[in-house]
Amino acid sequence: MTDDLEDFKTLMNAATPAPDAQRRVENLQQAQKSFAHAQGLQSGARPTVKRGPIARLTEGAKSMLNVLTHRGALTATTAIAAVALVAILPQTRDYVLEPNSRIESRSTTSQAPHSVTELEADSLEETAAAPLEKPVVDVPVVVSRTAKRQEGFTAESDGSVLFEIAPNTAEPFLGGRVLGAIGDNQNTEAFSNTATNPLKVTAEDPVSTFSIDVDTSSYSIVRSSLMRGQLPPKDAVRVEEMVNYFPYSYPAPESDVPFRPSISVTPTPWNEGTQLVHIGIQGALPQIEDRPPLNLVFLIDTSGSMQNTDKLPLLKQSFRLMLSELRPEDQVSIVTYAGSAGQVLEPTAASERSKILNALDQLEAGGSTAGQAGLQQAYQVAESMVEDGEVTRVILTTDGDFNVGLSDPDALKDFIAQKRDSGTFLSVLGFGRGNLDDATMQALAQNGNGQAAYIDTLSEARKVLVDQLTGVLFPIANDVKIQVEFNPAQIAEYRLIGYETRALKREDFANDKVDAGDIGAGHTVTAIYEVTPVGSDAIRNGPLRYAEQAVSEGSDEIGFFKLRYKSPGVAESQLIQHPILPGQGAVTEDVEFSYAIAGFGQLLRGGEYLGSWSYAEAIALANEAKGEDPFGYRAEAITLMRLAQTLSQ
């Protein structure tokens, strides 16, 4: 039956006329009428639909489908016939209802969207309110977005339709109802972030502890939004990821130490009464020719949401760039996941470039997103490739839409945490916008001891997968934690700029069982504190009546820096510590440019602690500190600042 039905669908699609906005409106109206009839509603509750040639074609198709489905021992109900009709006329699912109750087409035609005045809002909401009596399948009914979900019901999506699930029901449409069609204009993005770090009173809370972070996805998401003419969502802005996006020339480590911290204390550009404590960490870059063989499992999302040009097509181009950096002894395998997971390329030597590229070129987008099955199979393949002395990595590429399987970030986090101890780390590359699940991507990468990056251009693909490939795949230190204790006799208040999602408890610093971030070969990490000296006019908090007196009045130190890390494969951490002194370090272009980016990120989040400092000051500081810019990253950042300045007005 499947072959006959597929042949018939192909024939009907071939006979489908060119896109026509008015006919699509008529098709939608006919679909609404058919769906209403399937629920037993009175025909008088629906608007009158003009019968066009497409509408007449649908009635003949319904009869033919009844004959085809009869051989499969299926009951040819009116509802199923209507669903099958929509399957062979994909034009009818090209519509989504915007908040202004206009129906728009996702067609590439240049015609303006038509307002469907015949479909009244009351009629649409009545369709949404009517519960389904029997299970049905994908019915692309467009409803008013003002319709409220029923109490106790949850909203789910299969990638093309948004529907409800009844309480205690595993399958959609059992006592639920269709809420609407998923279209390009329906944004379901979710970002992982928390409120901006508050200002701390040193006498009350002198210790700050956090895990380092070398992810860069936030900067790319900010760039993507601004280049589309939109300010990014505030939750998408993680200031530390914006600062760490750029390469800095910090002093290199000496001897056998994997990295070296550099600390400077300088005036704050946006507040004359405060200072910035700048901490820069430079990772060692081992000899590239000495690196061990690499086993890579590309876990590729091929669900229907990946069909846009900035998703699967860009992904294929990106991996072509990466393939050129691999050595003949490296191995590559490809696992895909959509409606189900599958291995499309067995472990193959990187020297067999044509075989790998052919497997990539054959990938097509379609189906829902079986994230759990894909992860499980990718790890199984990775475990089969492991040999002593080799490095094995899973690289997940997705638009972030995990709507089948382990879709809860906490459940995904636990699953990945169980796998990382075997030595197979997970990095996550995000592609495309619209349904980017940043929370899931962060949970996966942080708990998989890998890096999260967002690729929106081929240039970004080269930066992540070519220029920084060694740092992404070869860590030189694990579970890196930073703790800074400020001296209340010298510093009245302080705040950490960024790292909100990386905060650790004070006692976690010395606990080697607590997971933290990793530093890859050659990576740089930057952290910035804004501190307010005792006696400054910029102090925001008044003294407490019963506050204890400071105990370190005889010391010139403004703070004390401590860093813990584990060498790869070692369970016990090592400690690095340095005092922080007034006026310490030099004001370099790298330091000043990081300040400009930190200010830029804070402005995008609302600029709570920046006073009257504006985009103009950020642009001026970045221009002054741009220095050598061989890859154009800093010039691009200044352009983005100018765009944000214009959009904010």
# chains A, B, ... in the order shown; residues from 1 in each chain; ligands from 1

$ residues_around --residues "range 483-500 of chain A" --least-positions-apart "3" --cutoff "6 Å" --atoms "only C-alpha atoms" --output "list in words"
Leu199, Lys200, Val201, Thr202, Ala203, Pro206, Val207, Ser208, Thr209, Val239, Glu240, Ala503, Ile528, Tyr529, Glu530, Val531, Thr532, Pro533, Val534, Ala550, Ser552, Glu553, Ile558, Gly559, Phe560, Phe561 and Lys562 of chain A

$ write_last_selection --atoms "C-alpha atoms" --output "PDB file, in the first residue's frame"
ATOM      1  CA  LEU A 199      26.604  43.696  43.274  1.00  0.00           C
ATOM      2  CA  LYS A 200      28.096  41.974  46.349  1.00  0.00           C
ATOM      3  CA  VAL A 201      29.108  43.656  49.599  1.00  0.00           C
ATOM      4  CA  THR A 202      32.609  42.366  50.330  1.00  0.00           C
ATOM      5  CA  ALA A 203      32.233  42.340  54.114  1.00  0.00           C
ATOM      6  CA  PRO A 206      33.921  38.197  49.999  1.00  0.00           C
ATOM      7  CA  VAL A 207      34.302  35.003  47.907  1.00  0.00           C
ATOM      8  CA  SER A 208      33.335  34.483  44.254  1.00  0.00           C
ATOM      9  CA  THR A 209      33.543  31.003  42.666  1.00  0.00           C
ATOM     10  CA  VAL A 239      28.711  38.419  28.263  1.00  0.00           C
ATOM     11  CA  GLU A 240      31.550  36.001  29.046  1.00  0.00           C
ATOM     12  CA  ALA A 503      28.390  29.968  39.177  1.00  0.00           C
ATOM     13  CA  ILE A 528      36.418  40.527  34.515  1.00  0.00           C
ATOM     14  CA  TYR A 529      35.344  41.852  37.924  1.00  0.00           C
ATOM     15  CA  GLU A 530      34.198  45.396  38.604  1.00  0.00           C
ATOM     16  CA  VAL A 531      35.317  46.395  42.111  1.00  0.00           C
ATOM     17  CA  THR A 532      34.594  49.467  44.219  1.00  0.00           C
ATOM     18  CA  PRO A 533      37.413  50.552  46.561  1.00  0.00           C
ATOM     19  CA  VAL A 534      36.665  51.473  50.151  1.00  0.00           C
ATOM     20  CA  ALA A 550      37.473  44.029  58.422  1.00  0.00           C
ATOM     21  CA  SER A 552      42.838  42.433  56.882  1.00  0.00           C
ATOM     22  CA  GLU A 553      43.407  46.150  57.342  1.00  0.00           C
ATOM     23  CA  ILE A 558      42.748  43.943  47.137  1.00  0.00           C
ATOM     24  CA  GLY A 559      42.101  40.239  46.637  1.00  0.00           C
ATOM     25  CA  PHE A 560      43.490  36.762  46.200  1.00  0.00           C
ATOM     26  CA  PHE A 561      43.170  34.659  43.037  1.00  0.00           C
ATOM     27  CA  LYS A 562      43.009  30.844  43.102  1.00  0.00           C
TER      28      LYS A 562
END

$ atom_distance --atom1 "CA of Asp330 in chain A" --atom2 "CA of Arg291 in chain A"
10.8 Å

$ residues_around --residues "Lys626 in chain A" --least-positions-apart "2" --cutoff "10 Å" --atoms "only C-alpha atoms" --output "count of residues only"
18

$ closest_residue --among "A:Arg420, A:Tyr248, A:Lys463, A:Leu603" --to "Ala625 in chain A" --atoms "only C-alpha atoms"
A:Tyr248

$ residues_around --residues "Asp456 in chain A" --least-positions-apart "3" --cutoff "8 Å" --atoms "only C-alpha atoms" --output "PyMOL selection string"
chain A and resi 220-221+224+310+431-432+460-461

$ write_last_selection --atoms "C-alpha atoms" --output "mmCIF file, in the first residue's frame"
data_model
loop_
_atom_site.group_PDB
_atom_site.id
_atom_site.type_symbol
_atom_site.label_atom_id
_atom_site.label_comp_id
_atom_site.auth_asym_id
_atom_site.auth_seq_id
_atom_site.Cartn_x
_atom_site.Cartn_y
_atom_site.Cartn_z
ATOM 1 C CA SER A 220 27.333 34.266 17.024
ATOM 2 C CA ILE A 221 23.658 34.407 18.008
ATOM 3 C CA SER A 224 22.924 36.670 13.626
ATOM 4 C CA ASP A 310 21.403 28.104 6.942
ATOM 5 C CA PHE A 431 22.731 25.908 13.020
ATOM 6 C CA GLY A 432 19.867 28.174 11.951
ATOM 7 C CA GLU A 460 32.249 31.145 11.451
ATOM 8 C CA ALA A 461 32.520 27.500 10.394
#
